[in-house]
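Quick look at structure_2.txt (compact mmCIF, C-alpha atoms):
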# COMPACT_ATOMS: atom_id res chain seq x y z
CA PRO A 239 -8.62 9.36 -12.83
CA ASP A 240 -5.29 11.14 -13.33
CA LEU A 241 -4.67 11.26 -9.56
CA LEU A 242 -0.95 12.05 -9.45
CA LYS A 243 -0.14 11.87 -13.13
CA GLU A 244 -2.04 11.27 -16.35
CA GLY A 245 -3.43 7.74 -16.57
CA ASP A 246 -3.04 6.91 -12.86
CA LEU A 247 -6.05 6.03 -10.73
CA GLY A 248 -6.66 5.70 -6.99
CA GLY A 249 -9.59 4.02 -5.32
CA ILE A 250 -11.15 3.17 -1.97
CA ILE A 251 -13.88 0.54 -1.74
CA VAL A 252 -15.97 -0.15 1.36
CA GLY A 253 -18.63 -2.83 1.60
CA MET A 254 -20.20 -5.56 3.68
CA GLN A 255 -20.37 -9.33 3.21
CA PRO A 256 -23.85 -10.85 2.78
CA LYS A 257 -25.45 -11.17 6.22
CA VAL A 258 -28.52 -12.72 7.89
CA VAL A 259 -30.18 -9.80 9.68
CA TYR A 260 -33.50 -11.40 10.57
CA HIS A 261 -34.60 -14.98 11.03
CA THR A 262 -37.14 -16.71 13.24
CA LEU A 263 -34.43 -18.95 14.71
CA ASP A 264 -32.16 -16.85 16.96
CA ARG A 265 -29.13 -18.98 16.23
CA LEU A 266 -29.09 -17.95 12.55
CA GLU A 267 -29.04 -14.20 13.15
CA GLU A 268 -25.60 -12.60 12.93
CA GLU A 269 -24.92 -10.03 15.65
CA LYS A 270 -21.64 -8.53 14.40
CA THR A 271 -20.98 -6.89 11.03
CA GLY A 272 -17.90 -7.71 8.97
CA ILE A 273 -16.67 -4.83 6.80
CA HIS A 274 -14.52 -5.09 3.65
CA ILE A 275 -12.20 -2.10 3.06
CA GLU A 276 -9.96 -1.94 0.00
CA ALA A 277 -7.50 0.68 -1.25
CA LEU A 278 -5.70 0.54 -4.59
CA TYR A 279 -3.61 2.68 -6.88
CA ARG A 280 -3.06 2.10 -10.60
CA PHE A 281 0.30 3.25 -11.97
CA GLN A 282 -0.01 3.59 -15.74
CA LEU A 283 3.50 2.82 -17.05
CA ASN A 284 2.59 3.30 -20.69
CA GLU A 285 -0.38 2.85 -23.00
CA TYR A 286 -0.28 -0.95 -22.60
CA ILE A 287 1.02 -1.78 -19.11
CA SER A 288 -0.23 -0.78 -15.65
CA LEU A 289 0.79 -1.85 -12.14
CA ILE A 290 -1.83 -2.02 -9.40
CA PRO A 291 -0.78 -2.54 -5.77
CA ALA A 292 -3.69 -2.92 -3.36
CA VAL A 293 -4.54 -3.86 0.19
CA PHE A 294 -7.82 -5.06 1.60
CA ILE A 295 -8.96 -5.58 5.16
CA ILE A 296 -11.89 -7.66 6.39
CA THR A 297 -13.02 -6.95 9.95
CA ASP A 298 -14.99 -9.61 11.87
CA PRO A 299 -14.88 -12.30 9.13
CA GLU A 300 -18.12 -14.31 8.95
CA HIS A 301 -19.67 -11.55 11.12
CA THR A 302 -18.16 -12.78 14.36
CA ASP A 303 -15.58 -11.07 16.56
CA GLU A 304 -14.12 -14.50 17.39
CA ASN A 305 -12.30 -14.37 14.02
CA ASP A 306 -9.21 -12.19 13.62
CA THR A 307 -9.17 -9.33 11.14
CA ILE A 308 -7.81 -10.39 7.74
CA VAL A 309 -5.32 -8.21 5.85
CA VAL A 310 -4.38 -9.13 2.27
CA THR A 311 -1.99 -7.31 -0.05
CA THR A 312 -2.05 -7.81 -3.80
CA PHE A 313 -0.01 -6.70 -6.76
CA ARG A 314 -1.55 -6.92 -10.21
CA THR A 315 -0.06 -6.21 -13.61
CA THR A 316 -2.39 -5.43 -16.49
CA PHE A 317 -1.36 -5.84 -20.13
CA ARG A 318 -3.66 -4.28 -22.73
CA PHE A 319 -3.42 -5.34 -26.36

Reformat the file's structure so that it appears as structure tokens.
Amino acid sequence: PDLLKEGDLGGIIVGMQPKVVYHTLDRLEEEKTGIHIEALYRFQLNEYISLIPAVFIITDPEHTDENDTIVVTTFRTTFRF
């Protein structure tokens, strides 16, 4: 909290999609690992309004390198009453 000014917040989130790591049938096991990486920053405009730009990246979607990396940008506005 209070990263660059009072009320602002920065964050980095890293995780993994659910994955089959062991199964008796070889075709169900997933060899690659897809990673979810997200970065965001909350600009607190005033007591009631904040702006939150973010970007997230998913590598090897569905745990296969045949799928291209996905990059998504978002922009959220939060109103607190």

- Residue nearest His274 of chain A among A:His261, A:Lys243, A:Arg318, A:His301 (counting only C-alpha atoms): A:His301

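The closest residue to Gln282 of chain A, picked from A:Pro299, A:Ile308, A:Leu247, A:Val258 and counting all atoms listed in the file, is A:Leu247.
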
- Selected residue of minimal separation from Thr302 of chain A among A:Leu283, A:Leu241, A:Leu289, A:Ile273, counting all atoms listed in the file: A:Ile273

- Query: So, counting all atoms listed in the file, which residue among A:Phe319, A:Tyr286, A:Phe281, A:Phe313 is closest to Pro239 of chain A?
  - Reply: A:Phe281

- Query: So how far away is atom CA of Pro291 of chain A from atom CA of Gln255 of chain A, in Å?
  - Reply: 22.6 Å

- Task: Considering only C-alpha atoms, return as a ChimeraX atom specification whatever protein or nucleic-acid residues lie within 12 Å of Glu304 of chain A, sequence-local ones (same chain, fewer than 3 positions apart) excluded.
- Result: /A:269-270,272,297-301,307

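Using all atoms listed in the file, the nearest neighbour of Ile296 of chain A within the list A:Thr271, A:Asp240, A:Tyr279, A:Asn284 is A:Thr271.
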
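Here atom CA of Ile287 of chain A stands at a distance of 23.0 Å from atom CA of Ile251 of chain A.
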
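Rounded to one decimal, atom CA of Ile275 of chain A and atom CA of Ile250 of chain A lie 7.4 Å from each other.
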
Return the padded bounding box of segment 270-276 of chain A as lines of an AutoDock Vina configuration file: axis-aligned, built from all atoms listed in the file, 6 Å added on each side, with centre and edge lengths in Å to one decimal.
center_x = -15.8
center_y = -5.2
center_z = 7.2
size_x = 23.7
size_y = 18.6
size_z = 26.4

As an mmCIF file, in the coordinates of the input, the rebuilt segment 278-302 of chain A with N, CA, C and O atoms:
data_model
loop_
_atom_site.group_PDB
_atom_site.id
_atom_site.type_symbol
_atom_site.label_atom_id
_atom_site.label_comp_id
_atom_site.auth_asym_id
_atom_site.auth_seq_id
_atom_site.Cartn_x
_atom_site.Cartn_y
_atom_site.Cartn_z
ATOM 1 N N LEU A 278 -6.558 0.920 -3.474
ATOM 2 C CA LEU A 278 -5.700 0.540 -4.590
ATOM 3 C C LEU A 278 -5.204 1.785 -5.314
ATOM 4 O O LEU A 278 -5.773 2.871 -5.176
ATOM 5 N N TYR A 279 -4.129 1.600 -6.054
ATOM 6 C CA TYR A 279 -3.610 2.680 -6.880
ATOM 7 C C TYR A 279 -3.067 2.076 -8.169
ATOM 8 O O TYR A 279 -2.289 1.116 -8.130
ATOM 9 N N ARG A 280 -3.520 2.588 -9.299
ATOM 10 C CA ARG A 280 -3.060 2.100 -10.600
ATOM 11 C C ARG A 280 -2.000 3.043 -11.159
ATOM 12 O O ARG A 280 -2.278 4.204 -11.406
ATOM 13 N N PHE A 281 -0.774 2.508 -11.324
ATOM 14 C CA PHE A 281 0.300 3.250 -11.970
ATOM 15 C C PHE A 281 0.285 2.885 -13.454
ATOM 16 O O PHE A 281 0.495 1.724 -13.809
ATOM 17 N N GLN A 282 0.012 3.831 -14.305
ATOM 18 C CA GLN A 282 -0.010 3.590 -15.740
ATOM 19 C C GLN A 282 1.406 3.805 -16.276
ATOM 20 O O GLN A 282 1.881 4.937 -16.363
ATOM 21 N N LEU A 283 2.116 2.710 -16.575
ATOM 22 C CA LEU A 283 3.500 2.820 -17.050
ATOM 23 C C LEU A 283 3.557 3.352 -18.472
ATOM 24 O O LEU A 283 4.384 4.197 -18.789
ATOM 25 N N ASN A 284 2.706 2.811 -19.321
ATOM 26 C CA ASN A 284 2.590 3.300 -20.690
ATOM 27 C C ASN A 284 1.188 2.960 -21.184
ATOM 28 O O ASN A 284 0.338 2.550 -20.395
ATOM 29 N N GLU A 285 0.962 3.075 -22.457
ATOM 30 C CA GLU A 285 -0.380 2.850 -23.000
ATOM 31 C C GLU A 285 -0.857 1.413 -22.793
ATOM 32 O O GLU A 285 -2.053 1.154 -22.743
ATOM 33 N N TYR A 286 0.067 0.471 -22.630
ATOM 34 C CA TYR A 286 -0.280 -0.950 -22.600
ATOM 35 C C TYR A 286 -0.076 -1.658 -21.266
ATOM 36 O O TYR A 286 -0.588 -2.752 -21.066
ATOM 37 N N ILE A 287 0.680 -1.084 -20.359
ATOM 38 C CA ILE A 287 1.020 -1.780 -19.110
ATOM 39 C C ILE A 287 0.694 -0.889 -17.908
ATOM 40 O O ILE A 287 1.056 0.282 -17.861
ATOM 41 N N SER A 288 0.005 -1.492 -16.911
ATOM 42 C CA SER A 288 -0.230 -0.780 -15.650
ATOM 43 C C SER A 288 0.059 -1.715 -14.485
ATOM 44 O O SER A 288 -0.103 -2.928 -14.569
ATOM 45 N N LEU A 289 0.507 -1.132 -13.383
ATOM 46 C CA LEU A 289 0.790 -1.850 -12.140
ATOM 47 C C LEU A 289 -0.207 -1.395 -11.093
ATOM 48 O O LEU A 289 -0.434 -0.197 -10.932
ATOM 49 N N ILE A 290 -0.778 -2.370 -10.356
ATOM 50 C CA ILE A 290 -1.830 -2.020 -9.400
ATOM 51 C C ILE A 290 -1.567 -2.686 -8.054
ATOM 52 O O ILE A 290 -1.986 -3.824 -7.817
ATOM 53 N N PRO A 291 -0.880 -2.007 -7.128
ATOM 54 C CA PRO A 291 -0.780 -2.540 -5.770
ATOM 55 C C PRO A 291 -2.075 -2.216 -5.016
ATOM 56 O O PRO A 291 -2.708 -1.191 -5.261
ATOM 57 N N ALA A 292 -2.454 -3.127 -4.130
ATOM 58 C CA ALA A 292 -3.690 -2.920 -3.360
ATOM 59 C C ALA A 292 -3.575 -3.629 -2.024
ATOM 60 O O ALA A 292 -2.765 -4.531 -1.835
ATOM 61 N N VAL A 293 -4.414 -3.205 -1.109
ATOM 62 C CA VAL A 293 -4.540 -3.860 0.190
ATOM 63 C C VAL A 293 -6.018 -3.905 0.535
ATOM 64 O O VAL A 293 -6.754 -2.967 0.259
ATOM 65 N N PHE A 294 -6.466 -5.045 1.080
ATOM 66 C CA PHE A 294 -7.820 -5.060 1.600
ATOM 67 C C PHE A 294 -7.862 -5.686 2.974
ATOM 68 O O PHE A 294 -7.047 -6.533 3.324
ATOM 69 N N ILE A 295 -8.819 -5.202 3.755
ATOM 70 C CA ILE A 295 -8.960 -5.580 5.160
ATOM 71 C C ILE A 295 -10.395 -6.039 5.367
ATOM 72 O O ILE A 295 -11.329 -5.377 4.923
ATOM 73 N N ILE A 296 -10.559 -7.176 6.038
ATOM 74 C CA ILE A 296 -11.890 -7.660 6.390
ATOM 75 C C ILE A 296 -11.962 -7.737 7.910
ATOM 76 O O ILE A 296 -11.213 -8.486 8.533
ATOM 77 N N THR A 297 -12.840 -6.935 8.491
ATOM 78 C CA THR A 297 -13.020 -6.950 9.950
ATOM 79 C C THR A 297 -14.123 -7.955 10.299
ATOM 80 O O THR A 297 -15.075 -8.125 9.547
ATOM 81 N N ASP A 298 -14.009 -8.615 11.403
ATOM 82 C CA ASP A 298 -14.990 -9.610 11.870
ATOM 83 C C ASP A 298 -15.429 -10.557 10.760
ATOM 84 O O ASP A 298 -16.608 -10.606 10.396
ATOM 85 N N PRO A 299 -14.496 -11.353 10.186
ATOM 86 C CA PRO A 299 -14.880 -12.300 9.130
ATOM 87 C C PRO A 299 -16.018 -13.197 9.583
ATOM 88 O O PRO A 299 -16.093 -13.593 10.751
ATOM 89 N N GLU A 300 -16.922 -13.508 8.680
ATOM 90 C CA GLU A 300 -18.120 -14.310 8.950
ATOM 91 C C GLU A 300 -18.986 -13.651 10.017
ATOM 92 O O GLU A 300 -19.758 -14.318 10.704
ATOM 93 N N HIS A 301 -18.855 -12.346 10.189
ATOM 94 C CA HIS A 301 -19.670 -11.550 11.120
ATOM 95 C C HIS A 301 -19.581 -12.026 12.561
ATOM 96 O O HIS A 301 -20.571 -12.048 13.298
ATOM 97 N N THR A 302 -18.377 -12.407 12.971
ATOM 98 C CA THR A 302 -18.160 -12.780 14.360
ATOM 99 C C THR A 302 -16.833 -12.209 14.833
ATOM 100 O O THR A 302 -15.842 -12.255 14.116
#
